[in-house]
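Notes for the one structure printed next.
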Amino acid sequence: MKSTSKSLTFSQLFSSVKESELFWIVSFAVLTAISAQVSIPVKPVPFTLQTIIVLLAGAFLGAKNGAYSQLLYIFVGAIGLPVFAHTADGTMGFARLIGPTGGYLLAFPVAAYMVGYMTEKNQKYFTVVFSMFVAELVVIFVGTLYLYVAYLHDFIESIKVGAAIFSIWMILKVFIATAIYFSAAKKQPRLP
């Protein structure tokens, strides 16, 4: 009799944790950290799967919580936990935010917010694809601009290594994120 009440209590506890906003904010921050480890270390900015999770954070969590998940990810990385993608220069912590990848990372909360805001208004396929595409463009634009201003000081070179190289990859990631979103949204369109 006691084991049944304990398992029921554990089940209820797990269910209530799973339904909390904080659980999902932390979960998407962790997923972003995991996706950062799937990278191809190209100089100065590596190819990663991070933005797929950034887009999904906005789509599933909404504007505010999607942005919070990415702010948490950046905070945890800035204090020195190894959650950012591996780079050829091997920098960690706050140094990554002032290095060549800083602009891309700092644009993550904005991108998640944008996707969340647009998908809260309209769940149609075109709107979701459009919101994710615009969010990817914001990440690329802010990242490239930051790369130019703070690191390379050569506008054409910054566009080559910070934007042009990611163009096909960006389109592919938008459609992967959209496919994941619509297949999972049938069961759970919006997380708490």
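Quick note on naming: the chains in the structure tokens go A, B, ... in the order shown, residues restart at 1 in each chain, and ligands are numbered from 1 in order of appearance.
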
inquiry  = For the structure I just gave you, how does DSSP split range 59-147 of chain A - specifically, which residues are helix (DSSP H, G or I)? Reply as JSON, numbers by chain.
reply    = {"A": [59, 60, 61, 62, 63, 64, 65, 66, 67, 68, 69, 70, 71, 72, 73, 74, 75, 76, 77, 78, 95, 96, 97, 98, 102, 103, 104, 105, 106, 107, 108, 109, 110, 111, 112, 113, 114, 115, 116, 117, 118, 119, 120, 121, 125, 126, 127, 128, 129, 130, 131, 132, 133, 134, 135, 136, 137, 138, 139, 140, 141, 142, 143, 144, 145, 146, 147]}

inquiry  = List the spatial neighbours of Thr178 in chain A as a list in words - criterion: any atom at most 8 Å away, only C-alpha atoms, same-chain residues fewer than 5 positions off excluded.
reply    =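 My list of contacting residues is Val128, Val129 and Met132 of chain A.
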
9 Å contact set for Val30 in chain A, only C-alpha atoms, chain neighbours under 6 positions out, as a PDB file with C-alpha atoms, in the first residue's frame:
ATOM      1  CA  SER A  69      15.722  29.624 -22.425  1.00  0.00           C
ATOM      2  CA  TYR A  73      22.001  29.129 -22.134  1.00  0.00           C
ATOM      3  CA  VAL A  83      28.074  24.585 -23.258  1.00  0.00           C
TER       4      VAL A  83
END

key: Between CA of Ile140 in chain A and CA of Ala163 in chain A, distance in Å (one decimal)   =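 Answer for the CA of Ile140 in chain A to CA of Ala163 in chain A separation: 5.8 Å.
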
ask   = For Ala57 in chain A, which of A:Ile180, A:Ile171, A:Gly162, A:Val76 is the closest residue, counting only C-alpha atoms?
value = A:Ile180

Point-to-point distance in Å for CA of Leu49 in chain A and CA of Thr101 in chain A =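 About the pair CA of Thr101 in chain A and CA of Leu49 in chain A: they are 14.1 Å apart.
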
Minimum-distance residue to Gly93 in chain A, chosen among A:Ile74, A:Ala107, A:Ile34, A:Ile40 (using only C-alpha atoms) = A:Ile74
